[in-house]
Amino acid sequence: MKFKTKKITAILFILLGFSPLLFAIFITAKKEQIHDKMKKQFETESLQTVVQPENEVIWMDNDEIWVNNRLFDIKNKKLENGIYSFIGLFDEDETKLKEIERNTSGKNKEQNKLLAQLLSHLPVFCNPQIELSDALNSCNFFNTFRPKSRKNPFKEILIPPPQVC
């Protein structure tokens, strides 16, 4: 029974460790699926034209721009006198996917801060440079395994190593 519990716990932690990678793979696959769908829609649906000054264009990549909080997939673009004319379609699916990415990355930043705070309070991460009395008060567990003398365990070499010709 103990072995099964350990095995299940190990698998759970492995899955948790791989969850960011799995999420990134899922997002990449979903983006590719959306791009293929949009290429088909370029041929079947009527295209829209968006006109913007050059300095206001927010590029996502070579074929996408950000317009009014939505992604716009570009089929053709033309720059005349500092004004871009884009012909393409608004991509609602990819806009939703970008919002999910933004929300997830914001949550990850908060979770990383909480994790850093948790790890800073664990006794393993105590600073050995702190005075012994301060260290005993802040993390007794760590100090029980530290040797009482603070001698350097390595011998100091006073001469350089021999040169081989």
# chains A, B, ... in the order shown; residues from 1 in each chain; ligands from 1

$ residues_around --residues "Asn62 of chain A" --least-positions-apart "3" --cutoff "10 Å" --atoms "only C-alpha atoms" --output "ChimeraX atom specification"
/A:59,65,73-74

$ closest_residue --among "A:Leu89, A:Leu22, A:Val67, A:Ile100" --to "Glu43 of chain A" --atoms "only C-alpha atoms"
A:Leu89

$ atom_distance --atom1 "atom CA of Lys96 of chain A" --atom2 "atom CA of Asn69 of chain A"
10.4 Å

$ atom_distance --atom1 "atom CA of Gly82 of chain A" --atom2 "atom CA of Glu54 of chain A"
5.2 Å

$ closest_residue --among "A:Glu101, A:Leu71, A:Phe42, A:Leu21" --to "Val57 of chain A" --atoms "only C-alpha atoms"
A:Leu71

$ residues_around --residues "Arg70 of chain A" --least-positions-apart "2" --cutoff "8 Å" --atoms "only C-alpha atoms" --output "list in words"
Trp66, Val67, Asn68, Phe72, Phe90, Asp91, Glu92 and Thr95 of chain A

$ atom_distance --atom1 "atom CA of Gly88 of chain A" --atom2 "atom CA of Gln48 of chain A"
5.4 Å

$ residues_around --residues "Glu80 of chain A" --least-positions-apart "2" --cutoff "12 Å" --atoms "only C-alpha atoms" --output "PyMOL selection string"
chain A and resi 51-54+77-78+82-86

$ closest_residue --among "A:Lys75, A:Lys30, A:His35, A:Lys98" --to "Leu47 of chain A" --atoms "only C-alpha atoms"
A:Lys75

$ closest_residue --among "A:Ile25, A:Lys155, A:Asp63, A:Leu79" --to "Lys39 of chain A" --atoms "only C-alpha atoms"
A:Asp63
